[in-house]
Amino acid sequence: MTFRNYKLIFAALLITYISLNNVSHAVQFDNRDTKIDLPVLDTPNNAVTPRMSSDENGHVYVVWSDNRDGPYKVYINTKFGEIEWAPRSVPINTGFPKTQGIVEDGDATLPQVCSDNSGHIYVVWVDDRAVKAGIGKKDIYFRYSKDYGITWNAPDPYTDYRIDSDNPAPGDSINPGIACDGNGNVYIIWEDDRNRSGNFDVYFRSLQVQFDKPADFIVPYQFPEQRLNTGVTPGIFSATNPVISTDKNGAVYVTWLDNRNMPEDNVYPGIYFNVSLNHGASWEEKAIRVDTAPVGFYVTGRPAISNDNIGNVYIAWTDTAGRADRGDEYAGDGTHDVYFNVSHNKGLTWGKKDQRINSTEQPGEVLRVIGTKDVSIANNNKGVVCIVWADNTLTIPVAGRKDNFDIYSNHSENYGNSFLDFTTTVRVNLSTPAGETMAAAPLVKVNNAGGVFVAWLDNRVGTFDIYFNFSTAKGKSDTWSNNNCCLDNAQPIGKSYNHVMTADEKGNVYVAWQDDRSTLSKDTFNIYYISGFLDIETLLLAGQRLGEACFIATAAYGGPFEKNVILLREFRDNFLLTNRYGRWFVNTYYKLSPPVAQFISERPYLRAVTRVVLLPFVGIAMIALKTTFLQELLLAISITIAMFTVWWKLRTR
């Protein structure tokens, strides 16, 4: 073998190593996690049930329930981009108004949070001040901040804003959810037992916060609140586990688990849904059933929901009803499977038949005890939908570990019309053998660049810790990292629960959880946080994301999210890829441009020159995408007149 051949082999091995190394370490996490329920107290506080929101400007908000001052209050801490967390967390609720003569505050628990890109944060929670006063039940309260969580209003800075009205009678209001947009619109749901029947209904209220006009004030879209589990008499059939989402353009989507059962009207338990297209001011007169489980005795798990900004709504859940592809038609066997349905018109109509998402073929002889649980769903605006769940499908060699679960996923790349991994299992917790640990409660996020992030609980070292995996290619079966990250690098080791996760379009991923590692008191929790970064730009320039990248433009402008790069990608998607010649040009460009882009990215003077060269293409894209027909017509007329004038002057000369 010649020396040249040895060089080629060495180069190939080096390239393979670098490629694998880039993929397996593409998400770079902080060196260690951070305690954020600050300051550190001598007297142990119990901080639990964290919830998190983030924006596209690097702000991260975490709220939780904390008993540091006696009764539980809702606290928040804010991370301002690259700056560390604020040194002192802020209490949100005041405890007012109080019943006359009552001194002690109620316990504020189960907070929920959402935010926009302008520093506006909205929080709701469950409050039992009326219970302690002996005059009522648990209620839902609300406050907001317009300065990134530094100060809080409602709009009176000294009074919490109550959401539920207890009409017709006082009843427990629990399990709130919240969504918001960038225009001050806030949407709130909860379970409500105001009919005092023991059966909860789903109630909703929407508000618009008017900022500084001249003083802040809240405008309700409806008063009192509205019941969403319509089509049945209130308080007769229990409706629970509501979840909410919005497209931020006025559409609000709510789904829940409903046990309505009226055979004479062909109405049966399952997953139900309601939609408003006007900020929650009005809703469908009769709630829509989403699942197509057959009539019979079966168990349905709580739903998960997500949506995009063009009218697609996605819902996933588990049930034990069985379907025709499980053998005998509708042969429920007590095993939970994952099902999915999609609406392409903002939830007004749904697929005639739901889809089974977990694999229809299991390897070898299997032992199933529960099946699937803990479903989570996420999507982006480019048609990618990813569903993850915990599954205890076990093979015979590990049959002694019936209670252990693994994390599995499935994904669609065509807006939920079909799923690509339907006949095979795609396991996410890859760094341990199947069935060896209890992996549960997975959470998933998807960004528009095709990054998929999953965090879950895992007891592989004896206590529950937070683990993480990712795919850089939309969740495809062979694109998950083989090395799962343990995020809570605790010393001493503690138990971690109630993890939450958010991600943004720049490749940042944020995870928070409650952890009892503190040595001050047994079973006392604190809130911890860690962040990671998926270096999408490096992956784009390395050519690993073929089909998503504008390589030369990314190199010239310094990043894939610069406005001109986004404009050129939109021109590619909306014009070049819609015809045969454009697709040929794009394919040729992808083959030739990565090394050129790498060369340009390493030389600042070439980046400036390339930006000048790209100006005509940016101009063409701007005209094609950002102008109306009338503007295009006027521009064409102007160009024609100018060309005719030049031609006429040249001719007369």
# chains A, B, ... in the order shown; residues from 1 in each chain; ligands from 1
>>> residues_around(residues="stretch 43-49 of chain A", least_positions_apart="4", cutoff="9 Å", atoms="only C-alpha atoms", output="list of chain:residue names")
A:Asp37, A:Val63, A:Trp64, A:Ser65, A:Asp66, A:Asn67, A:Arg68, A:Asp69, A:Tyr72, A:Tyr75, A:Thr109, A:Leu110, A:Pro111, A:Tyr497, A:Asn498, A:His499, A:Trp513, A:Gln514, A:Asp515, A:Asp516, A:Ser518, A:Leu520, A:Ser521, A:Asp523, A:Thr524, A:Phe525, A:Asn526, A:Ile527
>>> write_last_selection(atoms="N, CA and C atoms", output="compact mmCIF listing (two decimals), in the first residue's frame")
# COMPACT_ATOMS: atom_id res chain seq x y z
N ASP A 37 -33.39 29.69 43.29
CA ASP A 37 -34.32 30.23 44.29
C ASP A 37 -33.50 30.99 45.34
N VAL A 63 -40.81 30.38 37.57
CA VAL A 63 -41.66 30.62 38.74
C VAL A 63 -41.81 29.32 39.50
N TRP A 64 -42.10 29.43 40.80
CA TRP A 64 -42.29 28.24 41.62
C TRP A 64 -43.06 28.63 42.88
N SER A 65 -43.45 27.63 43.67
CA SER A 65 -44.15 27.84 44.94
C SER A 65 -43.14 27.66 46.07
N ASP A 66 -43.07 28.63 47.01
CA ASP A 66 -41.98 28.70 47.98
C ASP A 66 -42.52 29.10 49.35
N ASN A 67 -42.11 28.38 50.40
CA ASN A 67 -42.64 28.64 51.75
C ASN A 67 -41.63 29.36 52.65
N ARG A 68 -40.71 30.14 52.09
CA ARG A 68 -39.64 30.76 52.89
C ARG A 68 -40.17 31.76 53.93
N ASP A 69 -41.34 32.31 53.72
CA ASP A 69 -41.88 33.30 54.66
C ASP A 69 -43.10 32.79 55.41
N TYR A 72 -47.04 29.33 51.53
CA TYR A 72 -46.42 29.29 50.20
C TYR A 72 -46.81 30.53 49.39
N TYR A 75 -42.88 32.65 43.67
CA TYR A 75 -41.65 33.42 43.45
C TYR A 75 -41.21 33.30 41.99
N THR A 109 -50.04 28.05 45.16
CA THR A 109 -49.41 26.83 44.64
C THR A 109 -49.67 26.67 43.14
N LEU A 110 -48.95 25.75 42.54
CA LEU A 110 -49.12 25.35 41.14
C LEU A 110 -49.12 26.55 40.18
N PRO A 111 -48.09 27.39 40.22
CA PRO A 111 -48.05 28.53 39.30
C PRO A 111 -47.83 28.09 37.85
N TYR A 497 -37.24 16.28 40.50
CA TYR A 497 -38.59 16.08 39.99
C TYR A 497 -39.07 17.35 39.29
N ASN A 498 -40.25 17.23 38.67
CA ASN A 498 -40.97 18.38 38.11
C ASN A 498 -40.08 19.22 37.19
N HIS A 499 -39.40 18.57 36.27
CA HIS A 499 -38.55 19.30 35.33
C HIS A 499 -39.41 19.99 34.26
N TRP A 513 -35.72 22.42 37.35
CA TRP A 513 -36.37 21.34 38.10
C TRP A 513 -36.24 21.63 39.59
N GLN A 514 -36.95 20.85 40.41
CA GLN A 514 -36.80 20.91 41.86
C GLN A 514 -35.90 19.77 42.31
N ASP A 515 -35.03 20.04 43.30
CA ASP A 515 -33.98 19.10 43.68
C ASP A 515 -33.80 19.15 45.19
N ASP A 516 -33.69 17.99 45.84
CA ASP A 516 -33.58 17.96 47.31
C ASP A 516 -32.15 17.69 47.76
N SER A 518 -30.08 19.63 49.02
CA SER A 518 -29.69 20.45 50.17
C SER A 518 -29.48 19.58 51.41
N LEU A 520 -29.48 21.00 54.42
CA LEU A 520 -30.04 21.73 55.55
C LEU A 520 -31.22 21.01 56.18
N SER A 521 -32.00 20.32 55.38
CA SER A 521 -33.19 19.66 55.89
C SER A 521 -33.58 18.53 54.95
N ASP A 523 -35.80 16.15 52.69
CA ASP A 523 -36.99 16.29 51.83
C ASP A 523 -37.39 17.75 51.62
N THR A 524 -36.41 18.64 51.62
CA THR A 524 -36.64 20.04 51.29
C THR A 524 -36.04 20.31 49.92
N PHE A 525 -36.83 20.92 49.04
CA PHE A 525 -36.41 21.09 47.66
C PHE A 525 -35.99 22.53 47.37
N ASN A 526 -35.08 22.67 46.41
CA ASN A 526 -34.71 23.96 45.83
C ASN A 526 -34.85 23.87 44.32
N ILE A 527 -34.79 25.02 43.65
CA ILE A 527 -34.96 25.07 42.20
C ILE A 527 -33.59 25.21 41.53
>>> residues_around(residues="stretch 565-576 of chain A", least_positions_apart="3", cutoff="6 Å", atoms="only C-alpha atoms", output="MDAnalysis selection string")
chainID A and resid 553 562 582 621
>>> closest_residue(among="A:Asp458, A:Asp265, A:Asp504, A:Asp391", to="A:Arg427", atoms="only C-alpha atoms")
A:Asp391
>>> atom_distance(atom1="atom CA of A:Asp291", atom2="atom CA of A:Asn429")
28.8 Å
>>> residues_around(residues="A:Gly231", least_positions_apart="2", cutoff="10 Å", atoms="only C-alpha atoms", output="MDAnalysis selection string")
chainID A and resid 228:229 233:234 260 267 284:288
>>> residues_around(residues="stretch 271-274 of chain A", least_positions_apart="2", cutoff="9 Å", atoms="only C-alpha atoms", output="ChimeraX atom specification")
/A:228-230,239,252-259,269,276,283-292,300-303,317,347-348
>>> residues_around(residues="stretch 125-136 of chain A", least_positions_apart="6", cutoff="10 Å", atoms="only C-alpha atoms", output="CSV table (one decimal) with all heavy atoms, in the first residue's frame")
chain,number,residue,atom,x,y,z
A,64,TRP,N,-42.1,29.4,40.8
A,64,TRP,CA,-42.3,28.2,41.6
A,64,TRP,C,-43.1,28.6,42.9
A,64,TRP,O,-43.3,29.8,43.1
A,64,TRP,CB,-40.9,27.6,42.0
A,64,TRP,CG,-40.1,28.5,42.8
A,64,TRP,CD1,-40.0,28.5,44.2
A,64,TRP,CD2,-39.1,29.5,42.4
A,64,TRP,NE1,-39.1,29.4,44.6
A,64,TRP,CE2,-38.5,30.0,43.5
A,64,TRP,CE3,-38.7,29.9,41.1
A,64,TRP,CZ2,-37.6,31.0,43.4
A,64,TRP,CZ3,-37.8,30.9,41.0
A,64,TRP,CH2,-37.2,31.4,42.2
A,65,SER,N,-43.5,27.6,43.7
A,65,SER,CA,-44.1,27.8,44.9
A,65,SER,C,-43.1,27.7,46.1
A,65,SER,O,-42.4,26.6,46.1
A,65,SER,CB,-45.3,26.9,45.1
A,65,SER,OG,-46.1,27.1,46.2
A,72,TYR,N,-47.0,29.3,51.5
A,72,TYR,CA,-46.4,29.3,50.2
A,72,TYR,C,-46.8,30.5,49.4
A,72,TYR,O,-48.0,30.9,49.3
A,72,TYR,CB,-46.9,28.0,49.5
A,72,TYR,CG,-46.1,26.8,49.9
A,72,TYR,CD1,-46.6,26.0,50.9
A,72,TYR,CD2,-44.9,26.5,49.3
A,72,TYR,CE1,-45.9,24.8,51.3
A,72,TYR,CE2,-44.2,25.3,49.6
A,72,TYR,CZ,-44.7,24.5,50.6
A,72,TYR,OH,-44.0,23.4,51.0
A,73,LYS,N,-45.8,31.2,48.8
A,73,LYS,CA,-46.0,32.2,47.8
A,73,LYS,C,-45.4,31.8,46.5
A,73,LYS,O,-44.6,30.9,46.4
A,73,LYS,CB,-45.3,33.5,48.3
A,73,LYS,CG,-46.0,34.3,49.4
A,73,LYS,CD,-45.3,35.5,49.8
A,73,LYS,CE,-46.1,36.4,50.8
A,73,LYS,NZ,-47.3,36.9,50.3
A,74,VAL,N,-45.8,32.5,45.4
A,74,VAL,CA,-45.2,32.3,44.1
A,74,VAL,C,-44.0,33.2,44.0
A,74,VAL,O,-44.2,34.5,44.1
A,74,VAL,CB,-46.3,32.6,43.0
A,74,VAL,CG1,-45.6,32.4,41.6
A,74,VAL,CG2,-47.4,31.6,43.1
A,93,ASN,N,-47.2,37.2,44.4
A,93,ASN,CA,-48.5,37.5,45.0
A,93,ASN,C,-48.4,38.3,46.3
A,93,ASN,O,-47.4,38.1,47.0
A,93,ASN,CB,-49.3,36.2,45.2
A,93,ASN,CG,-48.5,35.2,46.1
A,93,ASN,OD1,-47.4,34.9,45.8
A,93,ASN,ND2,-49.2,34.8,47.2
A,95,GLY,N,-51.1,38.5,48.5
A,95,GLY,CA,-52.1,37.9,49.5
A,95,GLY,C,-53.3,38.8,49.7
A,95,GLY,O,-54.2,38.4,50.5
A,96,PHE,N,-53.3,39.9,49.1
A,96,PHE,CA,-54.5,40.8,49.2
A,96,PHE,C,-55.3,40.7,47.9
A,96,PHE,O,-54.8,40.5,46.8
A,96,PHE,CB,-54.0,42.3,49.4
A,96,PHE,CG,-53.4,42.5,50.7
A,96,PHE,CD1,-52.0,42.4,50.9
A,96,PHE,CD2,-54.2,42.8,51.8
A,96,PHE,CE1,-51.4,42.7,52.1
A,96,PHE,CE2,-53.6,43.1,53.1
A,96,PHE,CZ,-52.2,43.0,53.2
A,97,PRO,N,-56.7,40.9,48.0
A,97,PRO,CA,-57.4,41.3,49.2
A,97,PRO,C,-57.6,40.1,50.2
A,97,PRO,O,-57.7,38.9,49.8
A,97,PRO,CB,-58.8,41.7,48.6
A,97,PRO,CG,-58.9,40.9,47.3
A,97,PRO,CD,-57.5,40.7,46.8
A,98,LYS,N,-57.7,40.5,51.4
A,98,LYS,CA,-58.0,39.5,52.5
A,98,LYS,C,-59.4,39.7,53.1
A,98,LYS,O,-59.9,40.9,53.0
A,98,LYS,CB,-56.9,39.6,53.6
A,98,LYS,CG,-55.6,39.0,53.3
A,98,LYS,CD,-54.8,39.0,54.7
A,98,LYS,CE,-53.4,38.4,54.5
A,98,LYS,NZ,-52.5,39.2,53.8
A,99,THR,N,-59.9,38.7,53.7
A,99,THR,CA,-61.1,38.8,54.4
A,99,THR,C,-60.8,39.6,55.7
A,99,THR,O,-59.8,39.3,56.3
A,99,THR,CB,-61.7,37.5,54.7
A,99,THR,OG1,-62.0,36.8,53.5
A,99,THR,CG2,-63.0,37.6,55.5
A,100,GLN,N,-61.7,40.5,56.1
A,100,GLN,CA,-61.4,41.3,57.3
A,100,GLN,C,-61.2,40.4,58.5
A,100,GLN,O,-62.0,39.5,58.8
A,100,GLN,CB,-62.6,42.2,57.6
A,100,GLN,CG,-62.4,43.2,58.7
A,100,GLN,CD,-63.5,44.2,58.8
A,100,GLN,OE1,-64.5,44.1,58.1
A,100,GLN,NE2,-63.4,45.2,59.6
A,101,GLY,N,-60.2,40.7,59.3
A,101,GLY,CA,-59.8,39.9,60.5
A,101,GLY,C,-58.9,38.8,60.2
A,101,GLY,O,-58.4,38.2,61.2
A,102,ILE,N,-58.7,38.4,58.9
A,102,ILE,CA,-57.8,37.3,58.6
A,102,ILE,C,-56.4,37.8,58.4
A,102,ILE,O,-56.1,38.8,57.6
A,102,ILE,CB,-58.2,36.6,57.4
A,102,ILE,CG1,-59.6,36.0,57.6
A,102,ILE,CG2,-57.2,35.5,57.0
A,102,ILE,CD1,-59.7,34.9,58.7
A,103,VAL,N,-55.4,37.3,59.2
A,103,VAL,CA,-54.0,37.8,59.1
A,103,VAL,C,-53.2,36.9,58.2
A,103,VAL,O,-52.4,37.5,57.4
A,103,VAL,CB,-53.4,37.8,60.5
A,103,VAL,CG1,-51.9,38.3,60.5
A,103,VAL,CG2,-54.2,38.7,61.4
A,104,GLU,N,-53.3,35.6,58.3
A,104,GLU,CA,-52.4,34.7,57.5
A,104,GLU,C,-52.8,34.7,56.1
A,104,GLU,O,-54.0,34.7,55.7
A,104,GLU,CB,-52.5,33.3,58.1
A,104,GLU,CG,-51.5,32.3,57.5
A,104,GLU,CD,-51.6,31.0,58.1
A,104,GLU,OE1,-52.6,30.7,58.7
A,104,GLU,OE2,-50.7,30.1,57.9
A,105,ASP,N,-51.7,34.7,55.2
A,105,ASP,CA,-52.0,34.6,53.8
A,105,ASP,C,-52.4,33.1,53.5
A,105,ASP,O,-52.1,32.2,54.2
A,105,ASP,CB,-50.7,34.9,53.0
A,105,ASP,CG,-50.3,36.3,53.0
A,105,ASP,OD1,-51.2,37.2,53.3
A,105,ASP,OD2,-49.2,36.7,52.8
A,106,GLY,N,-53.1,33.0,52.3
A,106,GLY,CA,-53.3,31.7,51.8
A,106,GLY,C,-52.1,31.1,51.1
A,106,GLY,O,-51.1,31.8,50.8
A,107,ASP,N,-52.1,29.8,50.9
A,107,ASP,CA,-51.0,29.1,50.2
A,107,ASP,C,-51.2,29.3,48.7
A,107,ASP,O,-52.3,29.0,48.2
A,107,ASP,CB,-50.9,27.7,50.5
A,107,ASP,CG,-50.4,27.4,51.9
A,107,ASP,OD1,-49.3,28.0,52.3
A,107,ASP,OD2,-51.0,26.6,52.7
A,108,ALA,N,-50.2,29.8,48.0
A,108,ALA,CA,-50.2,30.0,46.6
A,108,ALA,C,-49.4,28.9,45.9
A,108,ALA,O,-48.2,28.8,46.2
A,108,ALA,CB,-49.6,31.4,46.2
A,109,THR,N,-50.0,28.0,45.2
A,109,THR,CA,-49.4,26.8,44.6
A,109,THR,C,-49.7,26.7,43.1
A,109,THR,O,-50.5,27.4,42.6
A,109,THR,CB,-50.0,25.6,45.4
A,109,THR,OG1,-51.4,25.6,45.2
A,109,THR,CG2,-49.6,25.6,46.9
A,110,LEU,N,-49.0,25.7,42.5
A,110,LEU,CA,-49.1,25.3,41.1
A,110,LEU,C,-49.1,26.5,40.2
A,110,LEU,O,-50.0,26.7,39.4
A,110,LEU,CB,-50.4,24.5,41.0
A,110,LEU,CG,-50.5,23.2,41.8
A,110,LEU,CD1,-51.9,22.6,41.6
A,110,LEU,CD2,-49.4,22.3,41.3
A,111,PRO,N,-48.1,27.4,40.2
A,111,PRO,CA,-48.0,28.5,39.3
A,111,PRO,C,-47.8,28.1,37.9
A,111,PRO,O,-47.2,27.1,37.6
A,111,PRO,CB,-46.9,29.3,39.8
A,111,PRO,CG,-46.0,28.3,40.4
A,111,PRO,CD,-46.9,27.3,41.1
A,112,GLN,N,-48.3,28.9,36.9
A,112,GLN,CA,-48.1,28.7,35.5
A,112,GLN,C,-47.7,30.1,34.9
A,112,GLN,O,-48.2,31.1,35.4
A,112,GLN,CB,-49.4,28.2,34.8
A,112,GLN,CG,-49.9,26.9,35.3
A,112,GLN,CD,-49.1,25.7,34.9
A,112,GLN,OE1,-48.3,25.8,33.9
A,112,GLN,NE2,-49.1,24.6,35.7
A,113,VAL,N,-46.8,30.0,33.9
A,113,VAL,CA,-46.3,31.3,33.4
A,113,VAL,C,-46.2,31.3,31.9
A,113,VAL,O,-46.0,30.2,31.3
A,113,VAL,CB,-44.8,31.5,34.0
A,113,VAL,CG1,-43.9,30.4,33.6
A,113,VAL,CG2,-44.3,32.9,33.6
A,142,PHE,N,-54.2,36.0,39.4
A,142,PHE,CA,-53.3,36.4,38.3
A,142,PHE,C,-52.6,37.7,38.6
A,142,PHE,O,-53.1,38.6,39.3
A,142,PHE,CB,-54.3,36.6,37.1
A,142,PHE,CG,-53.7,37.4,35.9
A,142,PHE,CD1,-52.9,36.7,35.0
A,142,PHE,CD2,-53.9,38.7,35.8
A,142,PHE,CE1,-52.3,37.4,33.9
A,142,PHE,CE2,-53.3,39.4,34.7
A,142,PHE,CZ,-52.5,38.7,33.8
A,143,ARG,N,-51.3,37.8,38.1
A,143,ARG,CA,-50.6,39.0,38.1
A,143,ARG,C,-49.7,39.0,36.9
A,143,ARG,O,-49.4,38.0,36.2
A,143,ARG,CB,-49.7,39.1,39.4
A,143,ARG,CG,-50.5,39.5,40.6
A,143,ARG,CD,-49.6,39.5,41.8
A,143,ARG,NE,-48.9,40.8,41.9
A,143,ARG,CZ,-49.3,41.9,42.4
A,143,ARG,NH1,-50.6,42.0,42.8
A,143,ARG,NH2,-48.6,43.0,42.4
A,162,ARG,N,-58.3,38.3,40.9
A,162,ARG,CA,-59.0,37.0,40.9
A,162,ARG,C,-59.6,36.7,39.5
A,162,ARG,O,-60.2,37.6,38.9
A,162,ARG,CB,-60.0,37.0,42.0
A,162,ARG,CG,-60.7,35.6,42.1
A,162,ARG,CD,-61.6,35.5,43.2
A,162,ARG,NE,-62.5,34.3,43.1
A,162,ARG,CZ,-63.5,34.1,44.0
A,162,ARG,NH1,-63.7,34.9,45.0
A,162,ARG,NH2,-64.2,33.0,43.8
A,163,ILE,N,-59.4,35.5,39.1
A,163,ILE,CA,-59.9,35.1,37.7
A,163,ILE,C,-61.3,34.4,37.8
A,163,ILE,O,-62.2,34.7,37.0
A,163,ILE,CB,-58.9,34.1,37.1
A,163,ILE,CG1,-57.6,34.9,36.8
A,163,ILE,CG2,-59.4,33.6,35.7
A,163,ILE,CD1,-57.7,36.0,35.9
A,166,ASP,N,-66.9,31.9,40.8
A,166,ASP,CA,-67.7,31.0,41.7
A,166,ASP,C,-69.2,31.2,41.5
A,166,ASP,O,-70.0,31.3,42.4
A,166,ASP,CB,-67.3,31.2,43.1
A,166,ASP,CG,-66.1,30.4,43.5
A,166,ASP,OD1,-65.7,29.6,42.8
A,166,ASP,OD2,-65.6,30.6,44.6
A,169,ALA,N,-72.0,28.9,42.7
A,169,ALA,CA,-71.7,28.7,44.1
A,169,ALA,C,-70.2,28.5,44.2
A,169,ALA,O,-69.5,28.2,43.3
A,169,ALA,CB,-72.4,27.4,44.6
A,170,PRO,N,-69.7,28.7,45.5
A,170,PRO,CA,-68.2,28.5,45.7
A,170,PRO,C,-67.8,27.0,45.5
A,170,PRO,O,-68.5,26.1,46.0
A,170,PRO,CB,-68.0,28.9,47.1
A,170,PRO,CG,-69.2,29.7,47.5
A,170,PRO,CD,-70.3,29.2,46.7
A,171,GLY,N,-66.8,26.8,44.7
A,171,GLY,CA,-66.3,25.5,44.4
A,171,GLY,C,-64.8,25.6,44.2
A,171,GLY,O,-64.3,26.6,43.8
A,172,ASP,N,-64.1,24.5,44.3
A,172,ASP,CA,-62.6,24.5,44.1
A,172,ASP,C,-62.3,24.8,42.7
A,172,ASP,O,-62.9,24.2,41.8
A,172,ASP,CB,-62.0,23.2,44.5
A,172,ASP,CG,-61.8,23.1,46.0
A,172,ASP,OD1,-61.5,24.1,46.6
A,172,ASP,OD2,-61.9,22.0,46.6
A,173,SER,N,-61.4,25.7,42.4
A,173,SER,CA,-60.8,25.9,41.1
A,173,SER,C,-59.3,25.5,41.2
A,173,SER,O,-58.6,26.1,42.0
A,173,SER,CB,-60.9,27.4,40.8
A,173,SER,OG,-62.3,27.8,40.7
A,174,ILE,N,-58.9,24.6,40.3
A,174,ILE,CA,-57.6,24.0,40.4
A,174,ILE,C,-57.0,23.8,39.0
A,174,ILE,O,-57.7,24.0,38.0
A,174,ILE,CB,-57.7,22.6,41.1
A,174,ILE,CG1,-58.6,21.7,40.4
A,174,ILE,CG2,-58.1,22.8,42.6
A,174,ILE,CD1,-58.6,20.2,40.9
A,175,ASN,N,-55.8,23.4,39.0
A,175,ASN,CA,-55.1,23.0,37.7
A,175,ASN,C,-55.2,24.0,36.6
A,175,ASN,O,-55.7,23.8,35.6
A,175,ASN,CB,-55.7,21.6,37.3
A,175,ASN,CG,-54.8,20.9,36.2
A,175,ASN,OD1,-53.6,21.3,36.1
A,175,ASN,ND2,-55.4,20.0,35.5
A,176,PRO,N,-54.6,25.2,36.9
A,176,PRO,CA,-54.7,26.3,35.9
A,176,PRO,C,-53.7,26.0,34.7
A,176,PRO,O,-52.7,25.4,34.9
A,176,PRO,CB,-54.4,27.5,36.6
A,176,PRO,CG,-53.5,27.1,37.7
A,176,PRO,CD,-54.0,25.7,38.1
A,177,GLY,N,-54.0,26.7,33.6
A,177,GLY,CA,-53.1,26.7,32.5
A,177,GLY,C,-53.2,28.1,31.9
A,177,GLY,O,-54.2,28.8,32.0
A,178,ILE,N,-52.1,28.5,31.1
A,178,ILE,CA,-52.1,29.9,30.6
A,178,ILE,C,-51.4,29.9,29.3
A,178,ILE,O,-50.4,29.1,29.0
A,178,ILE,CB,-51.4,30.8,31.6
A,178,ILE,CG1,-51.5,32.3,31.2
A,178,ILE,CG2,-49.9,30.5,31.8
A,178,ILE,CD1,-51.1,33.3,32.3
A,190,TRP,N,-58.9,26.4,33.7
A,190,TRP,CA,-58.8,25.7,34.9
A,190,TRP,C,-59.9,24.7,35.1
A,190,TRP,O,-60.9,24.8,34.3
A,190,TRP,CB,-58.8,26.7,36.1
A,190,TRP,CG,-60.0,27.4,36.3
A,190,TRP,CD1,-61.0,27.1,37.2
A,190,TRP,CD2,-60.4,28.7,35.7
A,190,TRP,NE1,-62.1,28.0,37.1
A,190,TRP,CE2,-61.7,29.0,36.3
A,190,TRP,CE3,-59.9,29.5,34.8
A,190,TRP,CZ2,-62.4,30.1,35.9
A,190,TRP,CZ3,-60.6,30.6,34.4
A,190,TRP,CH2,-61.8,30.9,34.9
>>> closest_residue(among="A:Ala608, A:Val313, A:Ile623, A:Val511", to="A:Tyr415", atoms="only C-alpha atoms")
A:Val313
